[in-house]
Amino acid sequence: MSTETPRLSLERVFASPGLDGPAPRQVRLSPDGRYLTLLRNRADDRDRYDLWGYDIETREWRMLVDSLSVGSGRELSEDEKMQRERARVAGLKGIITYQWASDGAGVLVPLDGDLYLARLDGTVTRLTDTEGTELNPKLSSKGGYVSFVRDRRLWVGPVGGEAQPITPAGEAETIRWGEAEFVAQEEMARLQGYWWSPDDSRIVVQRTDEASVGIVTRAAIGAKGTKVFDQRYPAAGTDNAVVELYVMDPDGANSVKVDLGLDLDIYVARVDWAPDGSAIYVQRQDRAQTRIDMLRVDPATGASTIWFTETAARPDYWVNLSDNYRFLKDGSLLWWSERDGYGHFYRHLGGQWQQLTSGTSPTTALVGVDEEAGIFTYQATEGVLTQQVYRARFDGTAAPELLTDPAFTNSASMDGKGRLLYVTRSGPNQPPQSYLATPDGKQVAWIEENRVEGEHPYAPFLRSHVTPEYGTIAAEDGTPLHWMMLRPKMEPGKRYPVFFQHYGGPGPQTVTKGWGRALAQAIVDNGYIWFQLDNRGSANRGVDFEQPLYRAMGGAEVRDQKAGALFLKSLDFVDPAKIATYGWSYGGYMTLKMLEADPGLYAAGIAGAPVTRWELYDTHYTERYMGDPREVPEAYAKASAISDATKIADPLLLIHGMADDNVVFENSSELISVLQESNTPFEMMLYPGYTHRVSGEQIGPHVWNSIFRFLQAHGVTPPE
């Protein structure tokens with residue numbers, strides 16, 4: 001019997017079942033706290049999800065909705081496909097979202113463009129059966145109505161009854177009701193376009209007019225033909241859609257317009273009802289994203305006043321939007337702010353602010369609130385590389401209490417009353433686990449223990465699993481930059497190539513003490529060192545750490561990654577002539593800027609779906625960091641990856657999906673043209689029909705095999 005450890009192939013990384021074990025999504029607790037529901041993927045199809053329920057009292061699981069037996073398999077509308085792209089779930093199948101009825105009697109399930117009501121007794125009732133798609137479906141707060149968007153209008157009807165459109169007919173093609181506009185979905189994490197009052201008596205509905213938004217002709221190049229879309233796309237420095245809010249009855253009567261102010265060039269960032277329905281709160285963000293006005297709106301008249309204003313923590317910074325807030329029954333507000341340089345929680349009561357958390361470890365998420373006990377639960381960064389869960393009191397008394405195991409990095413959610421805690425955790429050697437706990441953190445039951453043993457899909461590869469090493473190097477200003485490295489099995493005296501992965505843009509933190517990707521382990525199994533470094537600009541380190549990217553993309557982060565490359569070259573087990581750099585999206589942009597800034601420093605670069613000119617990207621994301629190109633054209637010129645493209649002297653592989661509607665293909669086609677016209681050599685791999693996500697059971701291995709054939713062709717290979 002052979003005891004040889006099987007090599008983790010790229011094909012196995014993308015096959016089913018997923019090597020991380022079960023990957024539950026959309027975990028929710030029923031209103032009465034009796035049941036936990038989640039979407040669970042199938043062992044034979046890792047991308048297909050069904051709805052499961054867990055009875056907390058009997059500790060029994062049951063499939064509530066089988067997506068294969070209930071679904072019609074009908075083709076989704078183009079609108080729903082685009083919404084799924086915005087929500088980053090375009091690659092998933094089956095059930096991707098659901099909503100509990102407020103009385104706990106059932107669950108609203110959208111599936112294949114229609115709506116179903118699943119009850120806990122196992123019965124499933126079909127609510128709609130149309131050729132069109134019911135977008136943004138929702139049960140009203142009290143559960144009396146079901147609502148959705150169809151044909152750019154909002155429809156409402158009693159549950160089980162006939163729905164009717166309640167917004168005007170016959171408007172221009174550029175008018176949409178009940179939908180979040182493009183930049184809200186893509187960049188503001190706001191997918192909602194209408195909001196029910198707590199008592200079902202009124203609805204706030206968004207009206208979007210895209211007439212002023214420029215038309216981009218986007219060619220979705222497929223394998224057997226090309227579809228051309230005239231897409232309303234608000235590129236940086238151009239007009240946004242005009243967003244208005246109206247408050248109306250469930251039948252559309254008594255409609256009043258919300259006063260959002262005289263300036264139409266604003267963002268409606270968030271909309272919430274007061275717990276008692278007495279007011280609507282609208283977060284109005286200015287175009288420059290340096291302030292948020294919290295408007296208090298009268299639901300009967302639409303009249304508004306500014307309750308308070310949140311401004312950027314420093315003059316050369318922006319306001320980060322957040323969902324980390326809660327309107328409380330006593331009229332106060334639990335609010336997250338970076339006003340002291342780090343993300344912390346504050347309470348606004350009687351016109352006064354009280355800071356509830358403090359220090360240089362930012363809080364990152366509001367997990368839950370128990371108003372009766374006066375306690376809130378939240379996540380915070382601990383030692384930069386992990387997330388822990390804490391609870392603290394509204395009145396600011398007593399120190400925060402740690403609820404999770406510091407040996408893991410954790411995230412959590414709670415039921416609406418803050419009485420039950422659902423924790424997900426992982427570590428460098430433990431794929432994600434999840435469990436139920438009491439509010440003080442004591443574990444009640446495993447939901448997914450996910451031990452890597454027995455039949456676990458990753459168990460055969462455990463013997464070759466590499467535990468990451470962590471460390472820091474100094475940026476040019478002395479700021480510590482955290483890195484992570486996975487080393488293959490090494491022979492003394494030999495030097496090894498490095499696969500240097502980066503993202504680099506504002507936001508995502510890639511170096512953590514959580515479970516990594518099986519992909520990294522497969523690359524290490526193939527004899528490469530895997531290396532990552534979080535440059536200045538990434539999240540969870542405070543305002544000063546993010547700020548260097550302000551109006552200067554492609555600058556500090558490129559220099560920080562260079563410091564990482566120089567560190568690697570100083571190590572005696574690294575082959576200094578074999579450091580390849582790879583990134584996707586902003587990471588693809590980084591690859592180009594890194595090759596342009598330091599020819600010869602890297603052995604090769606792989607740029608996946610790169611932004612090449614920031615004028616091609618959308619308003620809300622780009623202008624947040626770069627400003628308006630009409631006001632600071634020099635900043636955009638310096639950040640461009642096109643102007644210095646001919647400086648690229650090292651081997652370059654360019655990869656792009658030819659139907660990408662996020663980083664549109666024009667970003668790469670312009671680069672391709674410049675490189676060809678200047679006789680600058682490069683290679684490319686293009687994927688017809690694929691959007692920003694180029695992955696799948698067959699396509700994933702194709703992408704990565706292409707990358708490693710490219711590296712082998714240029715001598716970036718392990719030692720013999």
# chains A, B, ... in the order shown; residues from 1 in each chain; ligands from 1
>>> residues_around(residues="Gly53 in chain A", least_positions_apart="6", cutoff="10 Å", atoms="only C-alpha atoms", output="PDB file with C-alpha atoms, in the first residue's frame")
ATOM      1  CA  VAL A  27     -27.171  31.957   7.873  1.00  0.00           C
ATOM      2  CA  ARG A  28     -30.273  33.319   9.646  1.00  0.00           C
ATOM      3  CA  LEU A  29     -32.256  32.676  12.789  1.00  0.00           C
ATOM      4  CA  SER A  30     -36.036  32.520  12.762  1.00  0.00           C
ATOM      5  CA  TYR A  35     -34.770  27.534  13.888  1.00  0.00           C
ATOM      6  CA  LEU A  36     -31.556  28.316  12.109  1.00  0.00           C
ATOM      7  CA  THR A  37     -31.659  28.348   8.326  1.00  0.00           C
ATOM      8  CA  LEU A  38     -28.863  28.478   5.799  1.00  0.00           C
ATOM      9  CA  LEU A  39     -28.002  27.806   2.198  1.00  0.00           C
ATOM     10  CA  ARG A  40     -25.857  24.671   1.896  1.00  0.00           C
ATOM     11  CA  GLU A  60     -32.164  18.003  13.681  1.00  0.00           C
ATOM     12  CA  TRP A  61     -31.486  19.154  10.102  1.00  0.00           C
ATOM     13  CA  ARG A  62     -33.984  19.112   7.246  1.00  0.00           C
ATOM     14  CA  MET A  63     -33.815  20.310   3.660  1.00  0.00           C
ATOM     15  CA  LEU A  64     -36.584  22.886   3.315  1.00  0.00           C
ATOM     16  CA  VAL A  65     -36.283  23.614  -0.409  1.00  0.00           C
ATOM     17  CA  LEU A 120     -41.447  24.485   8.150  1.00  0.00           C
TER      18      LEU A 120
END
>>> residues_around(residues="Arg495 in chain A", least_positions_apart="4", cutoff="9 Å", atoms="only C-alpha atoms", output="ChimeraX atom specification")
/A:490-491,572-576,718-719
>>> residues_around(residues="Pro315 in chain A", least_positions_apart="4", cutoff="12 Å", atoms="only C-alpha atoms", output="list in words")
Ala288, Gln289, Thr290, Arg291, Thr311, Val319, Arg339, Val543, Asp544, Gln547 and Tyr550 of chain A
>>> write_last_selection(atoms="N, CA, C and O atoms", output="tab-separated table (two decimals), in the first residue's frame")
chain	number	residue	atom	x	y	z
A	288	ALA	N	-18.23	64.22	-3.47
A	288	ALA	CA	-16.81	64.03	-3.13
A	288	ALA	C	-16.60	62.99	-2.04
A	288	ALA	O	-15.46	62.59	-1.76
A	289	GLN	N	-17.69	62.53	-1.39
A	289	GLN	CA	-17.66	61.51	-0.35
A	289	GLN	C	-16.82	61.93	0.87
A	289	GLN	O	-16.12	61.12	1.48
A	290	THR	N	-16.93	63.20	1.21
A	290	THR	CA	-16.23	63.71	2.39
A	290	THR	C	-17.20	63.98	3.54
A	290	THR	O	-16.76	64.35	4.63
A	291	ARG	N	-18.52	63.80	3.32
A	291	ARG	CA	-19.49	64.02	4.39
A	291	ARG	C	-20.74	63.18	4.17
A	291	ARG	O	-21.10	62.84	3.03
A	311	THR	N	-18.27	63.80	9.03
A	311	THR	CA	-17.29	64.28	8.06
A	311	THR	C	-16.05	63.41	8.07
A	311	THR	O	-15.81	62.64	9.01
A	319	VAL	N	-15.15	59.47	3.60
A	319	VAL	CA	-15.98	58.81	4.59
A	319	VAL	C	-16.30	57.41	4.09
A	319	VAL	O	-16.90	57.25	3.02
A	339	ARG	N	-13.91	58.82	13.19
A	339	ARG	CA	-13.59	60.22	13.49
A	339	ARG	C	-12.33	60.38	14.33
A	339	ARG	O	-11.68	61.43	14.27
A	543	VAL	N	-7.27	55.02	9.64
A	543	VAL	CA	-7.30	56.04	8.59
A	543	VAL	C	-5.92	56.31	8.00
A	543	VAL	O	-5.75	56.38	6.78
A	544	ASP	N	-4.91	56.48	8.84
A	544	ASP	CA	-3.58	56.84	8.34
A	544	ASP	C	-2.98	55.75	7.46
A	544	ASP	O	-2.15	56.03	6.59
A	547	GLN	N	-4.88	56.16	3.99
A	547	GLN	CA	-4.82	57.47	3.36
A	547	GLN	C	-3.82	57.62	2.21
A	547	GLN	O	-4.08	58.40	1.27
A	550	TYR	N	-4.92	58.29	-1.41
A	550	TYR	CA	-5.78	59.42	-1.77
A	550	TYR	C	-5.19	60.20	-2.94
A	550	TYR	O	-4.09	60.74	-2.86
>>> residues_around(residues="range 141-149 of chain A", least_positions_apart="2", cutoff="8 Å", atoms="only C-alpha atoms", output="tab-separated table (two decimals) with C-alpha atoms, in the first residue's frame")
chain	number	residue	atom	x	y	z
A	101	ALA	CA	-41.64	35.90	7.40
A	102	SER	CA	-41.92	38.08	10.51
A	103	ASP	CA	-44.23	35.55	12.22
A	134	GLU	CA	-39.33	39.13	-10.07
A	135	LEU	CA	-36.39	41.28	-8.98
A	136	ASN	CA	-35.70	42.33	-5.38
A	137	PRO	CA	-38.52	40.25	-3.83
A	138	LYS	CA	-39.43	40.97	-0.24
A	139	LEU	CA	-42.00	40.15	2.41
A	151	ASP	CA	-40.63	45.78	-15.86
A	152	ARG	CA	-38.99	48.67	-13.98
A	153	ARG	CA	-42.02	49.12	-11.66
A	154	LEU	CA	-42.68	48.06	-8.06
A	155	TRP	CA	-45.42	45.45	-7.61
A	156	VAL	CA	-47.21	44.68	-4.33
A	157	GLY	CA	-49.85	42.12	-3.39
A	158	PRO	CA	-51.12	40.14	-0.42
A	159	VAL	CA	-49.19	36.93	0.24
A	163	ALA	CA	-49.77	41.55	-7.13
A	177	TRP	CA	-38.63	52.18	-9.58
A	178	GLY	CA	-37.64	50.04	-6.60
A	179	GLU	CA	-34.11	49.27	-7.78
A	196	TRP	CA	-41.25	48.74	4.13
A	197	SER	CA	-42.33	50.57	7.29
A	198	PRO	CA	-42.43	48.50	10.51
A	199	ASP	CA	-46.25	48.33	10.46
A	200	ASP	CA	-46.68	47.64	6.69
>>> select_by_dssp(residues="range 401-573 of chain A", states="alpha helix (DSSP H)", output="list in words")
Ala518, Leu519, Ala520, Gln521, Ala522, Ile523, Val524, Asp525, Val543, Asp544, Phe545, Glu546, Ala556, Glu557, Val558, Arg559, Asp560, Gln561, Lys562, Ala563, Gly564, Ala565, Leu566, Phe567, Leu568 and Lys569 of chain A
>>> write_last_selection(atoms="N, CA and C atoms", output="mmCIF file, in the first residue's frame")
data_model
loop_
_atom_site.group_PDB
_atom_site.id
_atom_site.type_symbol
_atom_site.label_atom_id
_atom_site.label_comp_id
_atom_site.auth_asym_id
_atom_site.auth_seq_id
_atom_site.Cartn_x
_atom_site.Cartn_y
_atom_site.Cartn_z
ATOM 1 N N ALA A 518 -7.162 26.686 -1.014
ATOM 2 C CA ALA A 518 -6.489 25.468 -1.461
ATOM 3 C C ALA A 518 -5.591 25.754 -2.654
ATOM 4 N N LEU A 519 -5.925 26.798 -3.418
ATOM 5 C CA LEU A 519 -5.103 27.157 -4.570
ATOM 6 C C LEU A 519 -3.661 27.424 -4.158
ATOM 7 N N ALA A 520 -3.478 28.158 -3.063
ATOM 8 C CA ALA A 520 -2.118 28.450 -2.596
ATOM 9 C C ALA A 520 -1.384 27.160 -2.260
ATOM 10 N N GLN A 521 -2.064 26.220 -1.628
ATOM 11 C CA GLN A 521 -1.433 24.943 -1.277
ATOM 12 C C GLN A 521 -1.053 24.158 -2.532
ATOM 13 N N ALA A 522 -1.892 24.229 -3.587
ATOM 14 C CA ALA A 522 -1.576 23.535 -4.834
ATOM 15 C C ALA A 522 -0.333 24.135 -5.484
ATOM 16 N N ILE A 523 -0.223 25.454 -5.433
ATOM 17 C CA ILE A 523 0.952 26.118 -6.021
ATOM 18 C C ILE A 523 2.213 25.756 -5.246
ATOM 19 N N VAL A 524 2.090 25.671 -3.931
ATOM 20 C CA VAL A 524 3.228 25.256 -3.097
ATOM 21 C C VAL A 524 3.579 23.797 -3.385
ATOM 22 N N ASP A 525 2.569 22.959 -3.564
ATOM 23 C CA ASP A 525 2.809 21.548 -3.912
ATOM 24 C C ASP A 525 3.596 21.420 -5.212
ATOM 25 N N VAL A 543 -7.268 55.021 9.641
ATOM 26 C CA VAL A 543 -7.304 56.041 8.591
ATOM 27 C C VAL A 543 -5.924 56.307 8.001
ATOM 28 N N ASP A 544 -4.914 56.475 8.843
ATOM 29 C CA ASP A 544 -3.585 56.836 8.342
ATOM 30 C C ASP A 544 -2.981 55.748 7.465
ATOM 31 N N PHE A 545 -3.374 54.497 7.687
ATOM 32 C CA PHE A 545 -2.851 53.398 6.874
ATOM 33 C C PHE A 545 -3.504 53.385 5.494
ATOM 34 N N GLU A 546 -4.783 53.775 5.419
ATOM 35 C CA GLU A 546 -5.484 53.800 4.136
ATOM 36 C C GLU A 546 -5.162 55.050 3.314
ATOM 37 N N ALA A 556 2.066 54.595 -3.569
ATOM 38 C CA ALA A 556 2.568 53.997 -2.326
ATOM 39 C C ALA A 556 2.424 52.483 -2.319
ATOM 40 N N GLU A 557 1.295 51.976 -2.878
ATOM 41 C CA GLU A 557 1.092 50.528 -2.818
ATOM 42 C C GLU A 557 2.084 49.788 -3.710
ATOM 43 N N VAL A 558 2.493 50.410 -4.823
ATOM 44 C CA VAL A 558 3.498 49.805 -5.702
ATOM 45 C C VAL A 558 4.858 49.781 -5.003
ATOM 46 N N ARG A 559 5.173 50.866 -4.308
ATOM 47 C CA ARG A 559 6.448 50.926 -3.577
ATOM 48 C C ARG A 559 6.473 49.937 -2.406
ATOM 49 N N ASP A 560 5.323 49.749 -1.764
ATOM 50 C CA ASP A 560 5.264 48.778 -0.662
ATOM 51 C C ASP A 560 5.470 47.353 -1.170
ATOM 52 N N GLN A 561 4.875 47.025 -2.312
ATOM 53 C CA GLN A 561 5.074 45.688 -2.876
ATOM 54 C C GLN A 561 6.526 45.508 -3.342
ATOM 55 N N LYS A 562 7.135 46.579 -3.812
ATOM 56 C CA LYS A 562 8.559 46.517 -4.159
ATOM 57 C C LYS A 562 9.390 46.170 -2.928
ATOM 58 N N ALA A 563 9.047 46.772 -1.779
ATOM 59 C CA ALA A 563 9.756 46.439 -0.538
ATOM 60 C C ALA A 563 9.622 44.950 -0.236
ATOM 61 N N GLY A 564 8.443 44.387 -0.542
ATOM 62 C CA GLY A 564 8.262 42.949 -0.363
ATOM 63 C C GLY A 564 9.159 42.142 -1.276
ATOM 64 N N ALA A 565 9.287 42.581 -2.524
ATOM 65 C CA ALA A 565 10.153 41.870 -3.478
ATOM 66 C C ALA A 565 11.616 41.945 -3.048
ATOM 67 N N LEU A 566 12.048 43.103 -2.583
ATOM 68 C CA LEU A 566 13.441 43.241 -2.125
ATOM 69 C C LEU A 566 13.694 42.381 -0.896
ATOM 70 N N PHE A 567 12.706 42.276 -0.011
ATOM 71 C CA PHE A 567 12.829 41.387 1.149
ATOM 72 C C PHE A 567 13.003 39.945 0.682
ATOM 73 N N LEU A 568 12.186 39.522 -0.283
ATOM 74 C CA LEU A 568 12.296 38.154 -0.792
ATOM 75 C C LEU A 568 13.684 37.889 -1.378
ATOM 76 N N LYS A 569 14.209 38.856 -2.121
ATOM 77 C CA LYS A 569 15.517 38.678 -2.753
ATOM 78 C C LYS A 569 16.644 38.550 -1.730
#
